[in-house]
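Colleague: upload-v7.csv is reproduced below (CSV, C-alpha atoms and all ligand atoms).
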```
chain,number,residue,atom,x,y,z
A,1,MET,CA,1.2,29.8,-4.9
A,2,LEU,CA,2.9,26.5,-5.7
A,3,ASP,CA,2.9,24.9,-9.1
A,4,VAL,CA,2.5,21.4,-7.7
A,5,LEU,CA,1.3,20.2,-4.4
A,6,ILE,CA,1.9,16.4,-3.9
A,7,ILE,CA,-0.1,14.5,-1.4
A,8,GLY,CA,1.9,11.4,-0.2
A,9,SER,CA,5.5,10.4,-0.1
A,10,GLY,CA,5.4,6.9,-1.4
A,11,PRO,CA,7.0,5.9,-4.7
A,12,ALA,CA,4.4,7.7,-6.8
A,13,GLY,CA,4.6,11.0,-4.8
A,14,LEU,CA,8.5,10.9,-4.6
A,15,SER,CA,8.8,10.2,-8.3
A,16,ALA,CA,6.4,13.1,-9.1
A,17,ALA,CA,8.5,15.3,-6.8
A,18,VAL,CA,11.7,14.4,-8.7
A,19,TYR,CA,10.1,15.0,-12.1
A,20,ALA,CA,8.6,18.3,-10.8
A,21,LYS,CA,12.0,19.6,-9.7
A,22,ARG,CA,13.6,18.5,-12.9
A,23,ALA,CA,10.9,20.4,-14.8
A,24,ASN,CA,11.7,23.5,-12.7
A,25,LEU,CA,8.3,23.6,-11.1
A,26,SER,CA,7.8,24.8,-7.5
A,27,VAL,CA,6.7,21.8,-5.5
A,28,SER,CA,5.9,20.6,-1.9
A,29,VAL,CA,5.1,17.2,-0.6
A,30,ILE,CA,2.6,16.7,2.2
A,31,GLU,CA,3.2,13.5,4.2
A,32,LYS,CA,1.1,12.0,6.9
A,33,VAL,CA,4.0,9.9,8.3
A,34,TYR,CA,7.2,11.8,9.0
A,35,SER,CA,9.9,10.8,6.7
A,36,GLY,CA,7.8,8.1,5.2
A,37,THR,CA,8.2,6.2,2.0
A,38,GLY,CA,4.8,4.4,1.9
A,39,GLN,CA,4.1,0.7,1.7
A,40,VAL,CA,7.4,-0.1,0.0
A,41,ALA,CA,9.1,0.2,3.4
A,42,GLU,CA,7.1,-2.9,4.5
A,43,SER,CA,8.4,-5.1,1.8
A,44,ASN,CA,11.3,-7.4,2.9
A,45,GLN,CA,12.5,-8.0,-0.6
A,46,VAL,CA,11.5,-6.4,-3.8
A,47,ASP,CA,12.3,-8.8,-6.7
A,48,ASN,CA,10.6,-7.2,-9.6
A,49,TYR,CA,11.9,-3.6,-9.7
A,50,LEU,CA,13.9,-3.5,-12.9
A,51,GLY,CA,17.7,-3.6,-12.3
A,52,LEU,CA,17.4,-3.9,-8.5
A,53,ALA,CA,16.3,-7.5,-7.9
A,54,GLY,CA,16.4,-8.6,-4.3
A,55,MET,CA,16.5,-5.0,-2.9
A,56,ASN,CA,15.1,-4.5,0.6
A,57,GLY,CA,11.9,-2.4,0.4
A,58,TYR,CA,12.9,-0.1,3.2
A,59,ASP,CA,16.2,0.7,1.5
A,60,LEU,CA,14.6,1.2,-1.9
A,61,GLY,CA,12.1,3.6,-0.3
A,62,GLU,CA,15.0,5.5,1.3
A,63,LYS,CA,16.8,5.7,-2.1
A,64,PHE,CA,13.7,7.2,-3.6
A,65,ARG,CA,13.4,9.7,-0.9
A,66,GLN,CA,17.1,10.7,-1.0
A,67,HIS,CA,16.8,11.3,-4.7
A,68,ALA,CA,14.0,13.8,-4.0
A,69,VAL,CA,15.8,15.4,-1.1
A,70,SER,CA,19.0,15.8,-3.2
A,71,LEU,CA,17.1,17.9,-5.6
A,72,GLY,CA,15.8,20.2,-2.8
A,73,VAL,CA,12.2,18.9,-2.6
A,74,GLU,CA,10.4,20.4,0.4
A,75,PHE,CA,8.4,18.1,2.7
A,76,LYS,CA,5.7,19.1,5.1
A,77,ASP,CA,4.1,16.9,7.8
A,78,GLY,CA,0.3,17.0,7.7
A,79,GLU,CA,-2.9,15.3,6.6
A,80,ALA,CA,-4.7,16.9,3.7
A,81,VAL,CA,-8.4,16.8,4.5
A,82,GLN,CA,-10.1,19.2,2.1
A,83,PHE,CA,-9.6,20.1,-1.5
A,84,THR,CA,-11.3,23.1,-3.1
A,85,SER,CA,-10.9,24.4,-6.7
A,86,GLU,CA,-11.0,28.1,-7.2
A,87,ASN,CA,-10.5,29.8,-10.6
A,88,GLY,CA,-8.5,26.8,-11.9
A,89,ASN,CA,-6.2,26.7,-8.8
A,90,TRP,CA,-6.5,24.5,-5.7
A,91,LYS,CA,-6.8,25.2,-2.0
A,92,VAL,CA,-5.8,22.3,0.2
A,93,ALA,CA,-6.7,22.4,3.9
A,94,LEU,CA,-4.6,20.3,6.3
A,95,LYS,CA,-6.0,18.8,9.5
A,96,ASN,CA,-4.0,21.3,11.6
A,97,GLY,CA,-5.9,24.2,10.0
A,98,ASP,CA,-3.1,25.3,7.5
A,99,VAL,CA,-4.3,26.0,3.9
A,100,LEU,CA,-1.9,25.6,1.0
A,101,GLU,CA,-2.5,27.0,-2.5
A,102,SER,CA,-1.3,25.4,-5.6
A,103,ARG,CA,-1.9,25.5,-9.4
A,104,THR,CA,-2.2,21.7,-9.4
A,105,VAL,CA,-2.5,18.7,-7.0
A,106,ILE,CA,-1.0,15.3,-7.4
A,107,TYR,CA,-2.9,13.0,-5.2
A,108,ALA,CA,-0.7,9.9,-4.3
A,109,ALA,CA,-2.0,9.0,-0.9
A,110,GLY,CA,-1.9,5.2,-1.5
A,111,ALA,CA,-4.0,2.6,0.3
A,112,VAL,CA,-4.2,1.0,3.7
A,113,HIS,CA,-4.6,-2.6,4.9
A,114,ARG,CA,-8.1,-4.0,4.7
A,115,HIS,CA,-9.3,-5.8,7.9
A,116,ALA,CA,-10.7,-9.3,7.4
A,117,GLY,CA,-13.7,-8.7,9.7
A,118,VAL,CA,-13.0,-11.8,11.8
A,119,GLU,CA,-14.3,-11.9,15.4
A,120,GLY,CA,-11.4,-11.0,17.7
A,121,GLU,CA,-9.4,-9.3,15.0
A,122,GLU,CA,-9.5,-5.8,16.6
A,123,THR,CA,-9.1,-7.2,20.2
A,124,PHE,CA,-5.9,-9.0,19.3
A,125,ALA,CA,-4.4,-6.4,16.9
A,126,GLY,CA,-0.8,-6.0,18.1
A,127,LYS,CA,-1.3,-9.0,20.4
A,128,GLY,CA,-0.6,-11.6,17.7
A,129,VAL,CA,-2.7,-10.1,14.9
A,130,SER,CA,-0.5,-8.2,12.4
A,131,TYR,CA,-0.9,-6.6,8.9
A,132,CYS,CA,2.8,-6.5,8.1
A,133,ALA,CA,4.9,-9.7,8.1
A,134,THR,CA,8.2,-8.0,7.4
A,135,CYS,CA,7.5,-5.6,10.3
A,136,ASP,CA,6.4,-8.1,12.9
A,137,GLY,CA,7.6,-11.5,11.6
A,138,ALA,CA,10.7,-11.6,13.8
A,139,PHE,CA,8.4,-11.7,16.9
A,140,PHE,CA,7.3,-15.2,15.8
A,141,LYS,CA,10.6,-16.8,15.2
A,142,GLY,CA,10.3,-20.6,15.8
A,143,LYS,CA,6.5,-20.2,16.3
A,144,LYS,CA,3.4,-21.2,14.5
A,145,THR,CA,1.7,-18.6,12.3
A,146,VAL,CA,-1.1,-18.3,9.8
A,147,VAL,CA,-1.4,-15.9,6.8
A,148,VAL,CA,-4.9,-15.1,5.6
A,149,GLY,CA,-5.4,-14.2,2.0
A,150,GLY,CA,-4.5,-15.4,-1.5
A,151,GLY,CA,-3.0,-12.4,-3.3
A,152,ASP,CA,0.7,-11.5,-3.8
A,153,THR,CA,0.9,-9.9,-0.3
A,154,ALA,CA,-0.3,-13.1,1.4
A,155,LEU,CA,2.0,-15.3,-0.7
A,156,ASP,CA,5.0,-13.1,-0.1
A,157,ASP,CA,4.3,-12.9,3.6
A,158,ALA,CA,4.0,-16.7,3.8
A,159,LEU,CA,7.3,-17.1,2.0
A,160,TYR,CA,9.0,-14.6,4.3
A,161,LEU,CA,7.6,-16.2,7.4
A,162,SER,CA,8.5,-19.7,6.3
A,163,ASP,CA,12.2,-18.8,6.8
A,164,LEU,CA,11.4,-17.7,10.4
A,165,CYS,CA,8.5,-19.8,11.8
A,166,GLU,CA,8.1,-23.4,12.7
A,167,THR,CA,4.9,-23.7,10.7
A,168,VAL,CA,3.0,-21.3,8.4
A,169,TYR,CA,-0.6,-22.0,7.5
A,170,LEU,CA,-1.8,-20.2,4.4
A,171,VAL,CA,-5.6,-19.8,4.7
A,172,HIS,CA,-7.3,-18.8,1.5
A,173,ARG,CA,-11.1,-18.7,0.8
A,174,ARG,CA,-10.7,-20.2,-2.7
A,175,LYS,CA,-8.8,-23.0,-4.4
A,176,GLU,CA,-7.0,-20.8,-6.8
A,177,PHE,CA,-4.6,-18.1,-5.7
A,178,ARG,CA,-4.9,-14.5,-7.0
A,179,GLY,CA,-1.2,-13.9,-6.6
A,180,SER,CA,1.9,-15.1,-8.6
A,181,ALA,CA,2.0,-18.7,-9.6
A,182,HIS,CA,5.8,-18.6,-9.3
A,183,THR,CA,5.5,-17.7,-5.6
A,184,VAL,CA,2.9,-20.5,-5.1
A,185,GLU,CA,5.4,-23.0,-6.5
A,186,LYS,CA,8.1,-21.7,-4.1
A,187,LEU,CA,5.7,-22.2,-1.2
A,188,ARG,CA,4.8,-25.7,-2.3
A,189,ASP,CA,8.5,-26.6,-2.0
A,190,LYS,CA,8.6,-25.4,1.6
A,191,SER,CA,8.1,-28.3,4.1
A,192,ASN,CA,6.8,-26.0,6.8
A,193,VAL,CA,4.1,-24.3,4.8
A,194,GLU,CA,0.6,-25.8,4.8
A,195,PHE,CA,-2.1,-24.7,2.4
A,196,VAL,CA,-5.6,-24.5,4.0
A,197,LEU,CA,-7.8,-23.8,1.0
A,198,GLU,CA,-11.5,-23.0,0.6
A,199,ALA,CA,-11.4,-21.9,4.2
A,200,LYS,CA,-12.7,-18.7,5.8
A,201,PRO,CA,-11.5,-17.5,9.2
A,202,HIS,CA,-14.3,-17.2,11.7
A,203,LYS,CA,-12.9,-16.4,15.2
A,204,ILE,CA,-9.6,-15.5,16.8
A,205,ASN,CA,-9.1,-16.9,20.3
A,206,GLY,CA,-6.6,-16.3,23.1
A,207,GLU,CA,-6.2,-14.8,26.5
A,208,THR,CA,-3.7,-11.9,26.5
A,209,LYS,CA,-2.3,-13.1,23.1
A,210,VAL,CA,-3.5,-15.1,20.1
A,211,THR,CA,-3.6,-18.8,20.6
A,212,GLU,CA,-6.0,-20.1,18.0
A,213,LEU,CA,-7.7,-19.3,14.7
A,214,VAL,CA,-11.1,-21.1,14.2
A,215,LEU,CA,-12.3,-21.5,10.7
A,216,GLU,CA,-15.9,-21.3,9.5
A,217,ASP,CA,-16.0,-25.0,8.9
A,218,GLY,CA,-15.1,-25.6,12.6
A,219,ARG,CA,-11.4,-26.5,12.0
A,220,SER,CA,-9.0,-25.0,14.5
A,221,LEU,CA,-5.4,-23.9,14.0
A,222,SER,CA,-3.2,-23.5,17.1
A,223,VAL,CA,-1.1,-20.5,16.3
A,224,ASP,CA,0.8,-17.7,18.0
A,225,GLY,CA,0.5,-15.1,15.2
A,226,ILE,CA,-2.1,-14.2,12.5
A,227,PHE,CA,-1.0,-12.2,9.5
A,228,ILE,CA,-3.9,-10.7,7.7
A,229,ALA,CA,-3.2,-9.9,4.0
A,230,VAL,CA,-6.6,-9.5,2.4
A,231,GLY,CA,-6.0,-6.4,0.2
A,232,MET,CA,-6.0,-2.7,0.5
A,233,ILE,CA,-8.4,0.2,0.9
A,234,PRO,CA,-7.6,3.3,-1.2
A,235,MET,CA,-7.1,6.5,0.9
A,236,THR,CA,-9.7,8.5,-1.0
A,237,ASP,CA,-12.1,9.7,1.7
A,238,PRO,CA,-10.9,13.3,1.5
A,239,VAL,CA,-11.4,13.4,-2.3
A,240,SER,CA,-14.9,11.8,-2.5
A,241,GLY,CA,-17.1,14.5,-4.0
A,242,VAL,CA,-14.0,16.2,-5.5
A,243,VAL,CA,-13.2,13.6,-8.2
A,244,GLU,CA,-15.0,10.6,-9.5
A,245,LEU,CA,-14.3,7.3,-7.8
A,246,ASP,CA,-14.9,3.8,-9.1
A,247,PRO,CA,-17.0,1.3,-7.0
A,248,GLY,CA,-13.9,0.1,-5.1
A,249,GLY,CA,-13.2,3.7,-4.1
A,250,TYR,CA,-10.2,4.2,-6.4
A,251,ILE,CA,-9.9,7.5,-8.3
A,252,ILE,CA,-10.9,7.1,-11.9
A,253,ALA,CA,-7.8,8.2,-13.9
A,254,ASP,CA,-5.9,6.8,-16.8
A,255,GLU,CA,-2.1,6.7,-17.0
A,256,THR,CA,-2.0,10.5,-17.6
A,257,GLY,CA,-3.3,10.8,-14.0
A,258,ARG,CA,-6.1,13.1,-15.2
A,259,THR,CA,-9.2,12.9,-13.0
A,260,THR,CA,-12.6,14.4,-13.5
A,261,ALA,CA,-11.4,17.6,-11.8
A,262,PRO,CA,-9.2,19.9,-13.9
A,263,GLY,CA,-5.7,20.4,-12.4
A,264,PHE,CA,-6.1,17.4,-10.0
A,265,PHE,CA,-4.1,14.3,-10.9
A,266,ALA,CA,-4.0,10.9,-9.3
A,267,ALA,CA,-0.9,8.7,-9.1
A,268,GLY,CA,0.0,5.3,-7.7
A,269,ASP,CA,-2.2,2.9,-5.8
A,270,VAL,CA,-5.1,5.4,-5.4
A,271,ARG,CA,-6.0,5.3,-9.0
A,272,THR,CA,-7.9,2.7,-11.2
A,273,LYS,CA,-5.3,0.5,-12.8
A,274,GLN,CA,-4.5,-3.1,-13.6
A,275,LEU,CA,-1.3,-3.5,-11.7
A,276,ARG,CA,-0.5,-1.8,-8.4
A,277,GLN,CA,3.3,-2.1,-8.0
A,278,ILE,CA,6.3,0.1,-7.3
A,279,VAL,CA,7.2,0.3,-10.9
A,280,THR,CA,3.7,1.4,-12.0
A,281,ALA,CA,3.6,3.9,-9.1
A,282,VAL,CA,6.9,5.4,-10.1
A,283,SER,CA,5.7,5.7,-13.7
A,284,ASP,CA,2.4,7.3,-12.5
A,285,GLY,CA,4.4,10.0,-10.7
A,286,ALA,CA,6.3,10.9,-13.8
A,287,ASN,CA,3.2,10.9,-16.0
A,288,ALA,CA,1.2,13.0,-13.5
A,289,ILE,CA,3.9,15.7,-13.6
A,290,THR,CA,3.9,15.8,-17.4
A,291,SER,CA,0.1,16.3,-17.2
A,292,ALA,CA,0.4,19.0,-14.5
A,293,GLU,CA,3.0,20.8,-16.7
A,294,GLN,CA,0.6,20.7,-19.6
A,295,TYR,CA,-2.2,22.1,-17.4
A,296,ILE,CA,0.0,24.9,-16.0
A,297,ARG,CA,1.3,26.0,-19.4
A,298,LEU,CA,-2.1,26.0,-21.1
A,301,LIG,P1,-5.3,-8.5,-3.4
A,301,LIG,O1,-4.5,-8.9,-4.7
A,301,LIG,O2,-6.5,-7.7,-3.5
A,301,LIG,O3,-5.6,-9.9,-2.7
A,301,LIG,C1,-6.4,-9.9,-1.6
A,301,LIG,C2,-6.7,-11.4,-1.2
A,301,LIG,O4,-7.4,-11.4,0.0
A,301,LIG,C3,-7.5,-12.1,-2.2
A,301,LIG,O5,-6.9,-13.4,-2.4
A,301,LIG,C4,-8.9,-12.2,-1.6
A,301,LIG,O6,-9.5,-13.4,-2.0
A,301,LIG,C5,-8.6,-12.2,-0.2
A,301,LIG,N1,-9.6,-11.6,0.7
A,301,LIG,C6,-10.2,-10.4,0.5
A,301,LIG,N2,-11.1,-10.1,1.5
A,301,LIG,C7,-11.0,-11.2,2.3
A,301,LIG,C8,-11.7,-11.5,3.5
A,301,LIG,N3,-12.6,-10.7,4.1
A,301,LIG,N4,-11.4,-12.7,4.1
A,301,LIG,C9,-10.6,-13.6,3.5
A,301,LIG,N5,-9.9,-13.3,2.4
A,301,LIG,C10,-10.1,-12.1,1.8
A,301,LIG,O7,-4.4,-7.7,-2.4
A,301,LIG,P2,-2.8,-7.8,-2.2
A,301,LIG,O8,-2.3,-9.2,-2.1
A,301,LIG,O9,-2.6,-6.9,-1.0
A,301,LIG,O10,-2.2,-7.1,-3.4
A,301,LIG,C11,-2.5,-5.8,-3.8
A,301,LIG,C12,-1.8,-5.4,-5.1
A,301,LIG,O11,-0.4,-5.3,-4.9
A,301,LIG,C13,-1.9,-6.5,-6.2
A,301,LIG,O12,-2.0,-5.9,-7.5
A,301,LIG,C14,-0.7,-7.3,-6.1
A,301,LIG,O13,-0.3,-7.9,-7.3
A,301,LIG,C15,0.3,-6.2,-5.7
A,301,LIG,N6,1.5,-6.8,-4.9
A,301,LIG,C16,2.5,-7.2,-5.6
A,301,LIG,C17,3.6,-7.8,-4.9
A,301,LIG,C18,4.8,-8.3,-5.7
A,301,LIG,O14,4.7,-8.3,-7.0
A,301,LIG,N7,5.8,-8.9,-5.1
A,301,LIG,C19,3.6,-7.9,-3.5
A,301,LIG,C20,2.5,-7.4,-2.9
A,301,LIG,C21,1.4,-6.9,-3.6
A,301,LIG,P3,-10.1,-13.7,-3.5
A,301,LIG,O15,-8.8,-14.0,-4.2
A,301,LIG,O16,-11.0,-14.8,-3.3
A,301,LIG,O17,-10.7,-12.4,-3.9
```
Produce structure tokens that represent the structure in this file.
Modeller:
Amino acid sequence: MLDVLIIGSGPAGLSAAVYAKRANLSVSVIEKVYSGTGQVAESNQVDNYLGLAGMNGYDLGEKFRQHAVSLGVEFKDGEAVQFTSENGNWKVALKNGDVLESRTVIYAAGAVHRHAGVEGEETFAGKGVSYCATCDGAFFKGKKTVVVGGGDTALDDALYLSDLCETVYLVHRRKEFRGSAHTVEKLRDKSNVEFVLEAKPHKINGETKVTELVLEDGRSLSVDGIFIAVGMIPMTDPVSGVVELDPGGYIIADETGRTTAPGFFAAGDVRTKQLRQIVTAVSDGANAITSAEQYIRL
């Protein structure tokens, strides 16, 4: 029986793994994506992680992982699908049928990209529609693209694409942006970025690849690529019914990571919180281990 089973190998899970090893707890990390580091890997440039301004997200994720590996953390590929509490311990069933036992669980499974629900979005996924500008932006060098959304991801994506693309349209359904005012200012200074505000996407057209985004008000944008950045969906399906979730599907937990289920802790983007960033995910991982230690030593 393990002391701690961590679900997810993003910054929250890796930070928890490092803290677990340093606390001399037996620990294993279950990861859905082999050798993954979570969403951080998609970020071209991380400018707000203390002391490492301008670091490439993929490299930062690798540094996090190497730290855990250097301490001897064990990783196991798999998808955790069922969590059962028995006599204060946890049984975690993986999709491949394996069952792992642990005194505590730290659930740090993160979140996935939300789809905008635009006609043609699924048809053209991978054929001009993308959810990751830093992964796919290079395919649109010198071309026209549109970013949909008004949060930090959309703003960062538009900024990144503005250095690659001929034109970047930023389509947002409101007048005010949800994301950083500082990034909005940077975008205003870019001659090839055009704000299209109070506009909702309606339909994506094309033959084999995207050629046009039609807006609800009838306007049409001729583009080669559409980057959808309309938020995230927490990966909490396997734990619904196990712990209490908020209306958005996030696990209700404060910074201690404690959930409504004893011995089950949430860390990173999956939990209710004000700010979902690398720095808060890393902090959550550390806090969750402190809570797990207290639970184990009770
Ligand atoms: P977000 O903050 O939830 O923003 C989602 C955006 O998409 C909002 O502007 C929303 O519009 C819009 N939207 C939602 N559904 C839509 C739909 N169906 N059609 C059109 N527009 C839609 O998500 P995010 O930008 O992915 O950011 C998630 C978290 O990560 C945030 O806390 C963010 O600060 C953080 N983050 C930080 C950084 C950074 O600091 N560099 C980078 C990326 C993300 P409304 O505004 O009208 O609701």
Colleague: List the spatial neighbours of A:Thr259 as a PyMOL selection string - criterion: any atom at most 10 Å away, all atoms listed in the file, same-chain residues fewer than 3 positions off excluded.
Modeller: chain A and resi 242-245+251-254+256+262-266+271
Colleague: Could you list as a list in words every residue that has an atom within 10 Å of (4.8, -9.2, 16.1), using the file's coordinates and counting all atoms listed in the file?
Modeller: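 Those residues, ordered by chain and then number, are Ala125, Gly126, Lys127, Gly128, Val129, Ser130, Tyr131, Cys132, Ala133, Thr134, Cys135, Asp136, Gly137, Ala138, Phe139, Phe140, Lys141, Asp224, Gly225, Ile226 and Phe227 of chain A.
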Colleague: Counting only C-alpha atoms and all ligand atoms, what residues are within 10 Å of ligand LIG 301 (chain A), given as a PyMOL selection string?
Modeller: chain A and resi 39-40+42-49+111-118+147-157+171-180+183+198-202+228-233+269+273-279
Colleague: Let me make sure I understand: among A:Gly120, A:Gly88, A:Gly78, A:Pro11, which one has the smallest atom-to-atom distance to A:Asn205 if we use all atoms listed in the file?
Modeller: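 The closest residue to A:Asn205 is A:Gly120.
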Colleague: With all atoms listed in the file as the counted atoms, please give the residues lying no more than 9 Å from A:Gly249, apart from itself and same-chain residues fewer than 6 positions off, as a list in words.
Modeller: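 Once the adjacent positions are removed, what remains is Ile233, Pro234, Met235, Thr236, Asp237, Ser240, Val270, Arg271 and Thr272 of chain A.
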Colleague: Give the padded box for stretch 40-58 of chain A as lines of an AutoDock Vina configuration file: axis-aligned, covering all atoms listed in the file, 5 Å on each side, centre and edge lengths in Å to one decimal.
Modeller:
```
center_x = 12.4
center_y = -4.3
center_z = -4.2
size_x = 20.6
size_y = 19.0
size_z = 27.4
```
Colleague: Can you tell me how far atom CA of A:Met1 sits from atom CA of A:Asn89, in Å to one decimal?
Modeller: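 Interatomic distance, atom CA of A:Met1 to atom CA of A:Asn89: 8.9 Å.
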Colleague: Take atom CA of A:Leu14 and atom CA of A:Leu2 and report the distance between them in Å, one decimal.
Modeller: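 Between atom CA of A:Leu14 and atom CA of A:Leu2 the gap is 16.6 Å.
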Colleague: Grab the atom CA of A:Val105 to atom CA of A:Glu293 distance for me, in Å with one decimal place.
Modeller: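 Between atom CA of A:Val105 and atom CA of A:Glu293 the gap is 11.3 Å.
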Colleague: From the list A:Val168, A:Leu71, A:Ala108, A:Ile7, which residue is nearest A:Ala281 when using all atoms listed in the file?
Modeller: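 So, comparing all the options, the nearest one is A:Ala108.
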Colleague: For each of A:Leu161, A:Thr260, A:Val33, A:Val196, take the minimum atom-to-atom distance to A:Arg219, counting all atoms listed in the file, then give the residue where this is smallest.
Modeller: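 Closest candidate: A:Val196.
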Colleague: At a cut-off of 12 Å from (5.2, 23.0, -5.5) in the coordinates of the file, what residues are picked up using only C-alpha atoms, written as a ChimeraX atom specification?
Modeller: /A:1-7,16-21,23-30,72-76,90,100-106,289,292-293,296
Colleague: Using only C-alpha atoms for the distances, tell me which of A:Gly285, A:Lys91, A:Arg22, A:Leu197 is nearest to A:Gly8.
Modeller: A:Gly285
Colleague: Output stretch 213-220 of chain A with all heavy atoms present, as a PDB file, in the coordinates of the input.
Modeller:
```pdb
ATOM      1  N   LEU A 213      -6.843 -19.853  15.729  1.00  0.00           N
ATOM      2  CA  LEU A 213      -7.700 -19.300  14.700  1.00  0.00           C
ATOM      3  C   LEU A 213      -8.747 -20.424  14.384  1.00  0.00           C
ATOM      4  O   LEU A 213      -8.373 -21.538  14.007  1.00  0.00           O
ATOM      5  CB  LEU A 213      -6.975 -18.952  13.431  1.00  0.00           C
ATOM      6  CG  LEU A 213      -7.862 -18.488  12.269  1.00  0.00           C
ATOM      7  CD1 LEU A 213      -8.548 -17.156  12.570  1.00  0.00           C
ATOM      8  CD2 LEU A 213      -7.052 -18.365  10.968  1.00  0.00           C
ATOM      9  N   VAL A 214     -10.009 -20.090  14.558  1.00  0.00           N
ATOM     10  CA  VAL A 214     -11.100 -21.100  14.200  1.00  0.00           C
ATOM     11  C   VAL A 214     -11.626 -20.692  12.859  1.00  0.00           C
ATOM     12  O   VAL A 214     -11.907 -19.532  12.582  1.00  0.00           O
ATOM     13  CB  VAL A 214     -12.201 -21.008  15.304  1.00  0.00           C
ATOM     14  CG1 VAL A 214     -13.283 -22.037  14.987  1.00  0.00           C
ATOM     15  CG2 VAL A 214     -11.630 -21.217  16.700  1.00  0.00           C
ATOM     16  N   LEU A 215     -11.757 -21.716  12.009  1.00  0.00           N
ATOM     17  CA  LEU A 215     -12.300 -21.500  10.700  1.00  0.00           C
ATOM     18  C   LEU A 215     -13.800 -21.699  10.645  1.00  0.00           C
ATOM     19  O   LEU A 215     -14.356 -22.341  11.554  1.00  0.00           O
ATOM     20  CB  LEU A 215     -11.600 -22.449   9.674  1.00  0.00           C
ATOM     21  CG  LEU A 215     -10.075 -22.366   9.657  1.00  0.00           C
ATOM     22  CD1 LEU A 215      -9.476 -23.418   8.712  1.00  0.00           C
ATOM     23  CD2 LEU A 215      -9.605 -20.966   9.251  1.00  0.00           C
ATOM     24  N   GLU A 216     -14.428 -21.177   9.594  1.00  0.00           N
ATOM     25  CA  GLU A 216     -15.900 -21.300   9.500  1.00  0.00           C
ATOM     26  C   GLU A 216     -16.399 -22.706   9.521  1.00  0.00           C
ATOM     27  O   GLU A 216     -17.483 -23.001  10.005  1.00  0.00           O
ATOM     28  CB  GLU A 216     -16.402 -20.540   8.267  1.00  0.00           C
ATOM     29  CG  GLU A 216     -16.653 -19.071   8.522  1.00  0.00           C
ATOM     30  CD  GLU A 216     -17.267 -18.355   7.332  1.00  0.00           C
ATOM     31  OE1 GLU A 216     -17.739 -19.017   6.379  1.00  0.00           O
ATOM     32  OE2 GLU A 216     -17.265 -17.126   7.363  1.00  0.00           O
ATOM     33  N   ASP A 217     -15.580 -23.633   8.955  1.00  0.00           N
ATOM     34  CA  ASP A 217     -16.000 -25.000   8.900  1.00  0.00           C
ATOM     35  C   ASP A 217     -15.728 -25.769  10.220  1.00  0.00           C
ATOM     36  O   ASP A 217     -15.881 -26.987  10.323  1.00  0.00           O
ATOM     37  CB  ASP A 217     -15.359 -25.770   7.728  1.00  0.00           C
ATOM     38  CG  ASP A 217     -13.832 -25.785   7.830  1.00  0.00           C
ATOM     39  OD1 ASP A 217     -13.291 -25.463   8.919  1.00  0.00           O
ATOM     40  OD2 ASP A 217     -13.172 -26.116   6.823  1.00  0.00           O
ATOM     41  N   GLY A 218     -15.273 -25.028  11.239  1.00  0.00           N
ATOM     42  CA  GLY A 218     -15.100 -25.600  12.600  1.00  0.00           C
ATOM     43  C   GLY A 218     -13.655 -26.043  12.847  1.00  0.00           C
ATOM     44  O   GLY A 218     -13.302 -26.322  13.999  1.00  0.00           O
ATOM     45  N   ARG A 219     -12.809 -26.130  11.784  1.00  0.00           N
ATOM     46  CA  ARG A 219     -11.400 -26.500  12.000  1.00  0.00           C
ATOM     47  C   ARG A 219     -10.735 -25.481  12.890  1.00  0.00           C
ATOM     48  O   ARG A 219     -11.084 -24.295  12.843  1.00  0.00           O
ATOM     49  CB  ARG A 219     -10.656 -26.620  10.686  1.00  0.00           C
ATOM     50  CG  ARG A 219     -10.795 -27.970  10.018  1.00  0.00           C
ATOM     51  CD  ARG A 219     -10.012 -28.006   8.728  1.00  0.00           C
ATOM     52  NE  ARG A 219     -10.592 -27.179   7.690  1.00  0.00           N
ATOM     53  CZ  ARG A 219     -10.023 -26.970   6.509  1.00  0.00           C
ATOM     54  NH1 ARG A 219      -8.860 -27.514   6.227  1.00  0.00           N
ATOM     55  NH2 ARG A 219     -10.619 -26.222   5.599  1.00  0.00           N
ATOM     56  N   SER A 220      -9.717 -25.929  13.623  1.00  0.00           N
ATOM     57  CA  SER A 220      -9.000 -25.000  14.500  1.00  0.00           C
ATOM     58  C   SER A 220      -7.511 -25.082  14.231  1.00  0.00           C
ATOM     59  O   SER A 220      -6.961 -26.179  14.083  1.00  0.00           O
ATOM     60  CB  SER A 220      -9.328 -25.367  15.947  1.00  0.00           C
ATOM     61  OG  SER A 220      -8.276 -24.950  16.780  1.00  0.00           O
TER      62      SER A 220
END
```
